[in-house]
$ cat work_34.tsv   # TSV, C-alpha atoms
chain	number	residue	atom	x	y	z
A	1	MET	CA	0.00	0.00	0.00
A	2	VAL	CA	1.35	3.44	-0.97
A	3	SER	CA	1.46	6.40	1.41
A	4	ILE	CA	-1.82	7.70	2.78
A	5	GLY	CA	-0.68	11.33	2.82
A	6	LYS	CA	1.90	13.85	3.99
A	7	GLU	CA	2.34	15.45	7.39
A	8	ASN	CA	4.95	18.21	7.86
A	9	ASP	CA	7.16	16.84	5.03
A	10	LEU	CA	6.77	13.31	6.42
A	11	LEU	CA	5.51	10.57	4.12
A	12	VAL	CA	2.82	8.77	6.13
A	13	PHE	CA	2.31	5.01	5.76
A	14	LYS	CA	-0.12	2.71	7.49
A	15	GLY	CA	0.45	-0.85	8.76
A	16	SER	CA	3.40	-3.19	9.26
A	17	ASN	CA	3.56	-4.57	5.70
A	18	PHE	CA	6.72	-3.79	3.73
A	19	LEU	CA	8.31	-1.92	6.64
A	20	LYS	CA	11.77	-2.89	5.39
A	21	GLN	CA	11.11	-1.46	1.92
A	22	ARG	CA	9.95	1.84	3.37
A	23	LEU	CA	12.90	2.26	5.73
A	24	LEU	CA	15.38	1.26	3.00
A	25	LEU	CA	14.03	3.72	0.43
A	26	ALA	CA	13.69	6.46	3.06
A	27	THR	CA	17.41	6.04	3.88
A	28	LEU	CA	18.44	6.21	0.20
A	29	SER	CA	16.18	9.14	-0.70
A	30	GLY	CA	16.70	11.08	2.53
A	31	LYS	CA	12.93	11.50	2.93
A	32	PRO	CA	11.60	11.13	6.49
A	33	VAL	CA	8.68	8.72	6.98
A	34	LYS	CA	6.01	8.17	9.58
A	35	ILE	CA	4.44	4.72	9.91
A	36	ILE	CA	1.27	4.37	11.97
A	37	ASN	CA	-1.13	1.59	13.04
A	38	ILE	CA	1.59	-1.07	13.23
A	39	ARG	CA	-0.32	-4.18	14.39
A	40	SER	CA	-2.69	-1.99	16.44
A	41	PHE	CA	-5.25	-4.77	16.93
A	42	GLU	CA	-2.84	-7.64	17.60
A	43	HIS	CA	-1.63	-8.89	20.94
A	44	PRO	CA	1.04	-7.78	21.68
A	45	PRO	CA	0.73	-4.67	19.43
A	46	GLY	CA	3.52	-2.75	17.73
A	47	LEU	CA	6.90	-3.54	16.22
A	48	ARG	CA	8.40	-7.00	16.62
A	49	GLU	CA	11.90	-7.65	17.94
A	50	TYR	CA	13.35	-8.35	14.47
A	51	GLU	CA	11.99	-5.03	13.12
A	52	VAL	CA	13.50	-3.07	16.03
A	53	SER	CA	16.80	-4.88	15.34
A	54	LEU	CA	16.63	-3.72	11.68
A	55	ILE	CA	16.09	-0.10	12.79
A	56	ARG	CA	19.11	-0.41	15.11
A	57	LEU	CA	21.23	-1.70	12.20
A	58	LEU	CA	20.17	1.26	10.03
A	59	ASP	CA	21.07	3.58	12.90
A	60	LYS	CA	24.54	1.98	13.14
A	61	ILE	CA	25.44	2.47	9.46
A	62	THR	CA	24.15	6.08	9.31
A	63	ASN	CA	25.10	9.36	10.98
A	64	GLY	CA	22.44	11.70	12.36
A	65	THR	CA	19.43	9.40	12.03
A	66	ARG	CA	16.52	10.32	14.32
A	67	ILE	CA	14.03	7.64	15.36
A	68	GLU	CA	10.91	8.13	17.47
A	69	LEU	CA	8.76	5.27	18.75
A	70	ASN	CA	5.49	5.76	20.61
A	71	GLU	CA	4.80	3.95	23.90
A	72	THR	CA	3.04	0.94	22.39
A	73	GLY	CA	5.38	0.64	19.40
A	74	THR	CA	2.48	1.03	16.94
A	75	GLY	CA	3.91	4.23	15.45
A	76	VAL	CA	7.42	5.18	14.34
A	77	VAL	CA	8.96	8.33	12.87
A	78	TYR	CA	12.17	7.72	10.92
A	79	GLU	CA	14.32	10.65	9.78
A	80	PRO	CA	17.36	9.23	7.96
A	81	GLY	CA	20.86	10.62	8.29
A	82	LEU	CA	23.89	10.24	6.02
A	83	LEU	CA	25.09	6.76	5.09
A	84	PHE	CA	28.45	6.28	6.78
A	85	GLY	CA	29.21	2.54	6.64
A	86	GLY	CA	32.53	1.47	8.14
A	87	THR	CA	33.32	-1.54	10.33
A	88	LEU	CA	30.63	-2.77	12.69
A	89	MET	CA	29.15	-5.83	14.35
A	90	HIS	CA	25.44	-6.51	14.77
A	91	ASP	CA	23.57	-9.21	16.69
A	92	CYS	CA	20.48	-9.97	14.61
A	93	SER	CA	17.16	-11.01	16.14
A	94	LEU	CA	16.65	-14.78	16.19
A	95	GLN	CA	13.07	-14.35	14.91
A	96	ARG	CA	14.43	-13.82	11.40
A	97	GLY	CA	17.44	-15.04	9.47
A	98	ILE	CA	20.55	-12.97	8.77
A	99	GLY	CA	19.30	-12.66	5.16
A	100	TYR	CA	16.57	-10.27	6.36
A	101	TYR	CA	19.30	-7.79	7.35
A	102	LEU	CA	21.75	-8.60	4.54
A	103	ASP	CA	19.14	-7.54	1.96
A	104	VAL	CA	19.32	-3.99	3.29
A	105	LEU	CA	23.13	-3.94	3.39
A	106	LEU	CA	23.30	-5.14	-0.24
A	107	ALA	CA	21.13	-2.22	-1.29
A	108	LEU	CA	22.86	0.45	0.83
A	109	GLY	CA	26.47	-0.78	0.69
A	110	PRO	CA	27.65	0.91	-2.54
A	111	PHE	CA	26.35	4.32	-1.38
A	112	CYS	CA	28.11	4.59	1.99
A	113	LYS	CA	30.93	7.01	2.80
A	114	SER	CA	33.32	4.26	3.92
A	115	PRO	CA	33.44	0.68	2.59
A	116	LEU	CA	31.17	-1.63	4.58
A	117	ASN	CA	32.79	-4.29	6.75
A	118	VAL	CA	29.93	-5.85	8.70
A	119	THR	CA	29.85	-8.93	10.90
A	120	LEU	CA	26.31	-10.23	11.46
A	121	ARG	CA	25.49	-12.85	14.08
A	122	GLY	CA	22.31	-14.89	14.33
A	123	VAL	CA	20.39	-17.47	12.27
A	124	THR	CA	22.07	-18.13	8.90
A	125	ASN	CA	19.36	-20.38	7.43
A	126	SER	CA	15.64	-19.91	8.06
A	127	LYS	CA	12.36	-20.29	6.20
A	128	GLU	CA	11.20	-16.68	6.71
A	129	SER	CA	14.05	-14.94	4.87
A	130	PRO	CA	16.66	-15.77	2.19
A	131	SER	CA	19.48	-17.89	3.56
A	132	VAL	CA	23.11	-16.79	3.40
A	133	ASP	CA	23.71	-19.45	0.70
A	134	HIS	CA	20.88	-18.04	-1.43
A	135	ILE	CA	22.30	-14.52	-1.12
A	136	GLN	CA	25.81	-15.70	-1.94
A	137	SER	CA	24.70	-17.62	-5.04
A	138	SER	CA	22.04	-15.24	-6.41
A	139	ALA	CA	22.25	-11.69	-4.98
A	140	MET	CA	26.03	-11.23	-4.92
A	141	PRO	CA	26.42	-11.85	-8.71
A	142	ILE	CA	23.72	-9.19	-9.32
A	143	LEU	CA	25.66	-6.66	-7.23
A	144	LYS	CA	28.88	-7.55	-9.12
A	145	ARG	CA	27.18	-6.83	-12.46
A	146	PHE	CA	26.17	-3.33	-11.36
A	147	LEU	CA	29.49	-2.48	-9.66
A	148	ILE	CA	31.58	-3.53	-12.73
A	149	VAL	CA	34.80	-3.62	-10.69
A	150	ASP	CA	34.17	-5.75	-7.61
A	151	ASP	CA	37.44	-5.19	-5.74
A	152	GLY	CA	36.71	-5.37	-2.03
A	153	LEU	CA	33.38	-7.19	-2.43
A	154	SER	CA	33.34	-10.39	-0.38
A	155	PHE	CA	30.97	-12.54	1.60
A	156	LYS	CA	32.00	-15.32	3.99
A	157	VAL	CA	30.01	-17.68	6.18
A	158	LEU	CA	32.16	-18.03	9.31
A	159	LYS	CA	29.69	-20.13	11.34
A	160	ARG	CA	26.33	-21.67	10.58
A	161	GLY	CA	23.36	-21.23	12.90
A	162	MET	CA	19.94	-22.80	12.55
A	163	MET	CA	16.59	-21.84	14.08
A	164	PRO	CA	15.67	-21.31	16.90
A	165	ASN	CA	18.90	-20.50	18.79
A	166	GLY	CA	21.13	-19.31	15.95
A	167	GLY	CA	24.84	-19.03	16.69
A	168	GLY	CA	25.80	-18.32	13.08
A	169	GLU	CA	28.16	-15.59	11.88
A	170	VAL	CA	28.81	-14.02	8.47
A	171	LEU	CA	31.20	-11.33	7.22
A	172	PHE	CA	30.09	-8.96	4.45
A	173	LYS	CA	32.39	-6.44	2.78
A	174	CYS	CA	31.21	-3.99	0.14
A	175	PRO	CA	33.15	-1.23	-1.67
A	176	VAL	CA	31.68	2.23	-2.30
A	177	ARG	CA	30.92	3.67	-5.75
A	178	LYS	CA	30.08	7.13	-7.07
A	179	ASN	CA	27.55	5.72	-9.57
A	180	LEU	CA	26.14	2.35	-10.57
A	181	HIS	CA	26.57	0.87	-14.03
A	182	THR	CA	23.57	0.83	-16.41
A	183	LEU	CA	22.71	-2.67	-17.63
A	184	GLN	CA	20.74	-3.98	-20.58
A	185	LEU	CA	20.15	-7.69	-20.05
A	186	GLN	CA	17.62	-9.22	-22.42
A	187	LYS	CA	18.90	-12.78	-22.83
A	188	SER	CA	18.91	-15.42	-20.15
A	189	GLY	CA	20.27	-18.37	-22.14
A	190	MET	CA	19.85	-22.08	-21.48
A	191	VAL	CA	20.69	-23.84	-18.22
A	192	LYS	CA	24.09	-25.52	-18.55
A	193	ARG	CA	24.94	-26.68	-15.03
A	194	ILE	CA	23.47	-27.15	-11.57
A	195	ARG	CA	25.45	-26.76	-8.36
A	196	GLY	CA	24.33	-27.02	-4.78
A	197	VAL	CA	25.21	-27.41	-1.14
A	198	VAL	CA	23.56	-29.46	1.58
A	199	TYR	CA	24.40	-28.16	5.05
A	200	ALA	CA	23.95	-30.12	8.24
A	201	CYS	CA	24.47	-28.77	11.75
A	202	ARG	CA	24.48	-31.02	14.82
A	203	VAL	CA	22.75	-33.88	12.95
A	204	SER	CA	23.93	-37.14	11.40
A	205	PRO	CA	25.96	-36.77	8.16
A	206	ALA	CA	23.74	-39.48	6.66
A	207	LEU	CA	20.87	-36.95	6.46
A	208	ALA	CA	22.92	-34.72	4.16
A	209	ASN	CA	23.90	-37.63	1.90
A	210	ARG	CA	20.29	-38.79	1.59
A	211	THR	CA	19.19	-35.25	0.67
A	212	VAL	CA	21.88	-35.07	-2.04
A	213	GLU	CA	20.78	-38.37	-3.60
A	214	ALA	CA	17.12	-37.31	-3.71
A	215	ALA	CA	17.85	-33.90	-5.29
A	216	LYS	CA	20.25	-35.39	-7.85
A	217	GLY	CA	17.69	-38.05	-8.73
A	218	VAL	CA	15.31	-35.32	-9.95
A	219	MET	CA	17.86	-33.02	-11.62
A	220	LEU	CA	19.75	-35.75	-13.55
A	221	LYS	CA	16.61	-36.38	-15.59
A	222	PHE	CA	17.12	-32.99	-17.22
A	223	LEU	CA	20.88	-32.47	-17.57
A	224	PRO	CA	24.04	-34.43	-16.68
A	225	ASP	CA	26.16	-31.64	-15.14
A	226	VAL	CA	24.86	-31.78	-11.55
A	227	TYR	CA	27.19	-31.49	-8.57
A	228	ILE	CA	25.97	-31.09	-4.98
A	229	HIS	CA	28.43	-31.09	-2.10
A	230	THR	CA	27.81	-31.46	1.62
A	231	ASP	CA	28.83	-29.01	4.34
A	232	GLN	CA	28.88	-30.83	7.67
A	233	SER	CA	29.48	-28.34	10.48
A	234	LYS	CA	30.83	-29.54	13.82
A	235	GLY	CA	31.55	-28.01	17.21
A	236	LYS	CA	31.34	-24.23	17.56
A	237	SER	CA	30.98	-23.67	13.80
A	238	ALA	CA	27.68	-25.62	13.84
A	239	GLY	CA	25.78	-23.05	15.92
A	240	ASN	CA	23.43	-23.72	18.81
A	241	SER	CA	20.58	-25.69	17.17
A	242	PRO	CA	20.32	-28.88	15.11
A	243	GLY	CA	19.01	-28.78	11.55
A	244	PHE	CA	19.82	-29.25	7.89
A	245	GLY	CA	18.86	-27.78	4.53
A	246	ILE	CA	19.72	-27.58	0.84
A	247	ASN	CA	20.45	-24.78	-1.62
A	248	LEU	CA	20.50	-25.43	-5.39
A	249	VAL	CA	21.75	-23.05	-8.09
A	250	ALA	CA	21.22	-23.29	-11.86
A	251	GLU	CA	23.63	-21.38	-14.11
A	252	THR	CA	22.76	-20.47	-17.70
A	253	THR	CA	24.96	-20.04	-20.77
A	254	ASP	CA	24.65	-16.23	-20.42
A	255	GLY	CA	25.71	-16.21	-16.75
A	256	CYS	CA	22.25	-15.84	-15.19
A	257	LEU	CA	21.65	-17.66	-11.92
A	258	TYR	CA	18.48	-19.14	-10.39
A	259	ALA	CA	18.50	-20.41	-6.82
A	260	ALA	CA	16.09	-22.40	-4.65
A	261	GLU	CA	16.34	-23.59	-1.06
A	262	THR	CA	14.54	-25.53	1.64
A	263	VAL	CA	15.27	-25.78	5.38
A	264	SER	CA	14.25	-28.61	7.71
A	265	ASN	CA	11.25	-28.16	10.02
A	266	LEU	CA	11.55	-27.03	13.63
A	267	ILE	CA	10.60	-29.78	16.08
A	268	LYS	CA	9.39	-27.10	18.54
A	269	ASP	CA	6.65	-26.00	16.13
A	270	GLY	CA	4.87	-29.29	16.60
A	271	SER	CA	5.41	-30.04	12.90
A	272	GLU	CA	6.62	-33.44	11.77
A	273	PRO	CA	10.38	-33.95	11.40
A	274	SER	CA	11.68	-33.34	7.87
A	275	VAL	CA	12.47	-36.39	5.72
A	276	PRO	CA	15.73	-35.82	3.77
A	277	GLU	CA	14.39	-37.40	0.57
A	278	GLU	CA	11.31	-35.14	0.58
A	279	LEU	CA	13.49	-32.09	1.29
A	280	GLY	CA	15.75	-32.87	-1.67
A	281	ARG	CA	12.87	-33.47	-4.08
A	282	GLU	CA	11.00	-30.36	-2.90
A	283	THR	CA	14.04	-28.13	-3.51
A	284	ALA	CA	14.62	-29.65	-6.95
A	285	GLN	CA	10.99	-28.89	-7.85
A	286	LYS	CA	11.39	-25.30	-6.58
A	287	LEU	CA	14.48	-24.85	-8.77
A	288	LEU	CA	12.64	-26.23	-11.80
A	289	GLU	CA	9.87	-23.71	-11.13
A	290	GLU	CA	12.44	-20.86	-11.04
A	291	ILE	CA	13.91	-22.10	-14.34
A	292	PHE	CA	10.38	-22.22	-15.80
A	293	ARG	CA	9.80	-18.60	-14.71
A	294	GLY	CA	13.02	-17.65	-16.49
A	295	GLY	CA	14.42	-14.16	-16.89
A	296	CYS	CA	17.87	-12.91	-15.90
A	297	VAL	CA	17.28	-13.12	-12.13
A	298	ASP	CA	15.30	-15.39	-9.82
A	299	SER	CA	12.04	-14.21	-8.25
A	300	THR	CA	13.55	-13.55	-4.79
A	301	PHE	CA	15.84	-10.73	-5.94
A	302	GLN	CA	13.80	-9.05	-8.67
A	303	TRP	CA	13.34	-6.09	-6.31
A	304	LEU	CA	17.12	-5.62	-5.97
A	305	VAL	CA	17.51	-5.37	-9.74
A	306	THR	CA	14.72	-2.77	-9.99
A	307	LEU	CA	16.42	-0.69	-7.27
A	308	TYR	CA	19.83	-0.74	-8.98
A	309	MET	CA	18.18	0.10	-12.34
A	310	ALA	CA	16.32	3.07	-10.83
A	311	LEU	CA	19.42	4.43	-9.08
A	312	GLY	CA	21.66	3.99	-12.14
A	313	GLN	CA	23.03	6.68	-14.45
A	314	LYS	CA	20.65	8.66	-16.68
A	315	ASN	CA	20.62	6.03	-19.41
A	316	VAL	CA	18.04	3.51	-20.53
A	317	ALA	CA	18.26	0.30	-18.46
A	318	LYS	CA	16.55	-2.89	-19.62
A	319	PHE	CA	16.17	-6.14	-17.74
A	320	LEU	CA	14.33	-9.34	-18.59
A	321	THR	CA	12.50	-11.13	-15.77
A	322	GLY	CA	9.88	-13.80	-15.31
A	323	PRO	CA	6.44	-13.02	-13.81
A	324	LEU	CA	6.81	-10.35	-11.11
A	325	SER	CA	6.45	-11.43	-7.49
A	326	ASP	CA	4.05	-9.59	-5.15
A	327	TYR	CA	7.01	-8.20	-3.22
A	328	THR	CA	8.49	-6.70	-6.41
A	329	ILE	CA	5.16	-5.14	-7.44
A	330	HIS	CA	4.90	-3.33	-4.09
A	331	PHE	CA	8.56	-2.34	-4.34
A	332	LEU	CA	7.88	-0.67	-7.71
A	333	GLN	CA	5.02	1.27	-6.11
A	334	HIS	CA	7.29	2.42	-3.30
A	335	LEU	CA	10.02	3.43	-5.80
A	336	ARG	CA	7.48	5.70	-7.49
A	337	GLU	CA	6.55	7.13	-4.08
A	338	PHE	CA	10.11	7.93	-2.95
A	339	PHE	CA	11.97	8.63	-6.23
A	340	SER	CA	9.11	9.53	-8.64
A	341	ILE	CA	10.35	6.93	-11.11
A	342	THR	CA	8.15	4.59	-13.11
A	343	PHE	CA	9.03	1.51	-15.14
A	344	LYS	CA	7.75	0.46	-18.51
A	345	LEU	CA	6.65	-3.17	-18.28
A	346	GLU	CA	5.91	-5.09	-21.47
A	347	ASN	CA	5.48	-8.70	-22.47
A	348	PHE	CA	8.66	-9.95	-24.10
A	349	THR	CA	8.74	-12.18	-27.15
A	350	ASP	CA	12.07	-13.23	-28.60
A	351	GLU	CA	11.96	-13.44	-32.39
A	352	GLU	CA	14.68	-16.10	-32.46
A	353	GLU	CA	12.71	-18.26	-30.04
A	354	GLU	CA	9.59	-17.88	-32.17
A	355	ASP	CA	11.48	-19.15	-35.21
A	356	ASN	CA	12.63	-22.22	-33.24
A	357	ALA	CA	9.36	-22.65	-31.34
A	358	GLU	CA	9.31	-26.41	-31.81
A	359	ALA	CA	12.82	-26.88	-30.41
A	360	GLN	CA	12.37	-24.51	-27.46
A	361	PRO	CA	10.75	-25.75	-24.22
A	362	GLU	CA	7.71	-23.87	-23.01
A	363	THR	CA	8.37	-21.25	-20.32
A	364	ALA	CA	6.37	-18.69	-18.34
A	365	PRO	CA	5.58	-15.28	-19.93
A	366	LYS	CA	8.57	-12.94	-19.74
A	367	ILE	CA	8.47	-9.25	-18.78
A	368	LEU	CA	10.90	-6.66	-20.10
A	369	MET	CA	11.41	-3.91	-17.54
A	370	THR	CA	12.64	-0.58	-18.93
A	371	CYS	CA	13.46	2.64	-17.12
A	372	VAL	CA	15.72	5.68	-17.29
A	373	GLY	CA	17.92	5.88	-14.19
A	374	ILE	CA	17.62	8.92	-11.95
A	375	GLY	CA	21.40	9.40	-11.93
A	376	TYR	CA	21.67	8.77	-8.18
A	377	SER	CA	25.09	9.90	-7.04
A	378	ASN	CA	26.85	8.84	-3.85
A	379	ILE	CA	27.05	12.17	-1.99
A	380	ASN	CA	28.64	10.45	1.00
A	381	LYS	CA	31.73	9.21	-0.88
A	382	ARG	CA	34.83	11.27	-0.24
A	383	MET	CA	36.20	12.69	-3.50
A	384	LEU	CA	39.97	13.10	-3.93

$ encode --input "work_34.tsv" --output "structure tokens"
Amino acid sequence: MVSIGKENDLLVFKGSNFLKQRLLLATLSGKPVKIINIRSFEHPPGLREYEVSLIRLLDKITNGTRIELNETGTGVVYEPGLLFGGTLMHDCSLQRGIGYYLDVLLALGPFCKSPLNVTLRGVTNSKESPSVDHIQSSAMPILKRFLIVDDGLSFKVLKRGMMPNGGGEVLFKCPVRKNLHTLQLQKSGMVKRIRGVVYACRVSPALANRTVEAAKGVMLKFLPDVYIHTDQSKGKSAGNSPGFGINLVAETTDGCLYAAETVSNLIKDGSEPSVPEELGRETAQKLLEEIFRGGCVDSTFQWLVTLYMALGQKNVAKFLTGPLSDYTIHFLQHLREFFSITFKLENFTDEEEEDNAEAQPETAPKILMTCVGIGYSNINKRML
């Protein structure tokens, strides 16, 4: 939902949905926001612990940010300061995975004054947010494409931590740039190889091996180049909770990447324990769905591409994606609200594919996103 009005130069939003999008775009645009009626009728009302943790992280990487919370936590006023960056450590809430916070750092990192060097501690793999493996395999290559020169860009998983007690740790480093590169990606290519990792923390290694066999059994029906390795964590590097999961990545001939993941169930939830074979097959099916959707990016990080396109130089940027996710649709609405930029969305038909229609497998309808960048310049970066 877009803003419901303005109040003393504050953009006013209602409800807890898409809070992260609003805070992220407010920080980049420098526009203060006021969010009201955050879970007013729920018990307990107001912001959750993981949302407060996100606001604290934004406060750490900026200078001069002013935040006001009302007594019940159902209203917040956020006036962003300048993006500073630098070296910092943050303990993430265990209600969400580290990916919930890494999303924001990926978007803000290139526009800080000092290169980001952030250590995040918490849950590395969870169902509610993208896992660190998903971000490493899918989001990091997107950032590299827009940075052109990726010196100083690195991402390391130091420890793994599963739900509910976490114990994981990751290190993210991002260089700063004056401007982002303008991209025109209209070809996704054919899938040429599939790679993956099965991680297991404080459980039997046999579970990981069984998951690998099940996932490979599905993928080998489609192409022979499938390699999935296991990551068995022990001792302190395994975190504080038992669990396992799988992340699969498909790479195309044009360098596009699609990723899919599944994490084992929590026993505390009262749900049945996860069966490794089912987990492997489910993830393989998810990856096949992402491949069917097509485009030059998977559905999880469509929003990140639209952000980088909008903030790029004042040139025409084009990007081919599959059907837009709900999250991306709302992100486009918020981009219009904060930056007054709109995208041209049109159905894409490749003439070459039409000529070889019989040879080509059927895929989902493609969307070509086109926009002219606003020429966003990093005002925080020190110029020599």

$ residues_around --input "work_34.tsv" --residues "Phe301 of chain A" --least-positions-apart "5" --cutoff "12 Å" --atoms "only C-alpha atoms" --output "ChimeraX atom specification"
/A:99,103-104,106-107,129-130,134-143,257-260,290,295-296,306-308,321-322,324-328,331

$ residues_near_point --input "work_34.tsv" --point "(9.0, 13.9, 9.2)" --cutoff "9 Å" --atoms "only C-alpha atoms" --output "list in words"
Lys6, Glu7, Asn8, Asp9, Leu10, Leu11, Val12, Lys31, Pro32, Val33, Lys34, Val77, Tyr78 and Glu79 of chain A

$ atom_distance --input "work_34.tsv" --atom1 "atom CA of Val275 of chain A" --atom2 "atom CA of Arg210 of chain A"
9.2 Å

$ residues_around --input "work_34.tsv" --residues "segment 278-288 of chain A" --least-positions-apart "2" --cutoff "9 Å" --atoms "all atoms listed in the file" --output "VMD selection string"
chain A and resid 210 to 219 245 to 250 258 to 264 274 to 276 290 to 293

$ atom_distance --input "work_34.tsv" --atom1 "atom CA of Pro224 of chain A" --atom2 "atom CA of Glu277 of chain A"
20.0 Å

$ closest_residue --input "work_34.tsv" --among "A:Lys144, A:Phe244, A:Glu289, A:Ile55" --to "Lys127 of chain A" --atoms "all atoms listed in the file"
A:Phe244

$ atom_distance --input "work_34.tsv" --atom1 "atom CA of Val226 of chain A" --atom2 "atom CA of Met190 of chain A"
14.8 Å

$ decode --input "work_34.tsv" --residues "segment 274-289 of chain A" --atoms "N, CA and C atoms" --output "mmCIF file, in the first residue's frame"
data_model
loop_
_atom_site.group_PDB
_atom_site.id
_atom_site.type_symbol
_atom_site.label_atom_id
_atom_site.label_comp_id
_atom_site.auth_asym_id
_atom_site.auth_seq_id
_atom_site.Cartn_x
_atom_site.Cartn_y
_atom_site.Cartn_z
ATOM 1 N N SER A 274 11.474 -33.325 9.316
ATOM 2 C CA SER A 274 11.675 -33.344 7.870
ATOM 3 C C SER A 274 12.334 -34.647 7.435
ATOM 4 N N VAL A 275 11.852 -35.193 6.321
ATOM 5 C CA VAL A 275 12.465 -36.392 5.723
ATOM 6 C C VAL A 275 13.446 -35.912 4.655
ATOM 7 N N PRO A 276 14.721 -36.331 4.715
ATOM 8 C CA PRO A 276 15.733 -35.824 3.773
ATOM 9 C C PRO A 276 15.345 -35.992 2.307
ATOM 10 N N GLU A 277 14.763 -37.149 1.969
ATOM 11 C CA GLU A 277 14.389 -37.401 0.573
ATOM 12 C C GLU A 277 13.333 -36.388 0.095
ATOM 13 N N GLU A 278 12.353 -36.109 0.953
ATOM 14 C CA GLU A 278 11.310 -35.138 0.582
ATOM 15 C C GLU A 278 11.903 -33.737 0.431
ATOM 16 N N LEU A 279 12.843 -33.405 1.333
ATOM 17 C CA LEU A 279 13.488 -32.085 1.294
ATOM 18 C C LEU A 279 14.239 -31.898 -0.023
ATOM 19 N N GLY A 280 14.977 -32.931 -0.427
ATOM 20 C CA GLY A 280 15.746 -32.868 -1.671
ATOM 21 C C GLY A 280 14.846 -32.720 -2.885
ATOM 22 N N ARG A 281 13.791 -33.525 -2.933
ATOM 23 C CA ARG A 281 12.867 -33.468 -4.081
ATOM 24 C C ARG A 281 12.132 -32.128 -4.134
ATOM 25 N N GLU A 282 11.719 -31.634 -2.963
ATOM 26 C CA GLU A 282 10.998 -30.357 -2.905
ATOM 27 C C GLU A 282 11.858 -29.214 -3.435
ATOM 28 N N THR A 283 13.139 -29.189 -3.055
ATOM 29 C CA THR A 283 14.040 -28.126 -3.508
ATOM 30 C C THR A 283 14.282 -28.224 -5.009
ATOM 31 N N ALA A 284 14.429 -29.457 -5.511
ATOM 32 C CA ALA A 284 14.624 -29.655 -6.954
ATOM 33 C C ALA A 284 13.407 -29.135 -7.726
ATOM 34 N N GLN A 285 12.209 -29.382 -7.191
ATOM 35 C CA GLN A 285 10.990 -28.890 -7.847
ATOM 36 C C GLN A 285 10.928 -27.360 -7.818
ATOM 37 N N LYS A 286 11.361 -26.768 -6.691
ATOM 38 C CA LYS A 286 11.393 -25.300 -6.585
ATOM 39 C C LYS A 286 12.342 -24.700 -7.630
ATOM 40 N N LEU A 287 13.501 -25.347 -7.800
ATOM 41 C CA LEU A 287 14.482 -24.852 -8.771
ATOM 42 C C LEU A 287 13.927 -24.961 -10.192
ATOM 43 N N LEU A 288 13.243 -26.065 -10.477
ATOM 44 C CA LEU A 288 12.641 -26.230 -11.802
ATOM 45 C C LEU A 288 11.579 -25.153 -12.056
ATOM 46 N N GLU A 289 10.877 -24.771 -10.995
ATOM 47 C CA GLU A 289 9.873 -23.705 -11.132
ATOM 48 C C GLU A 289 10.549 -22.366 -11.446
#
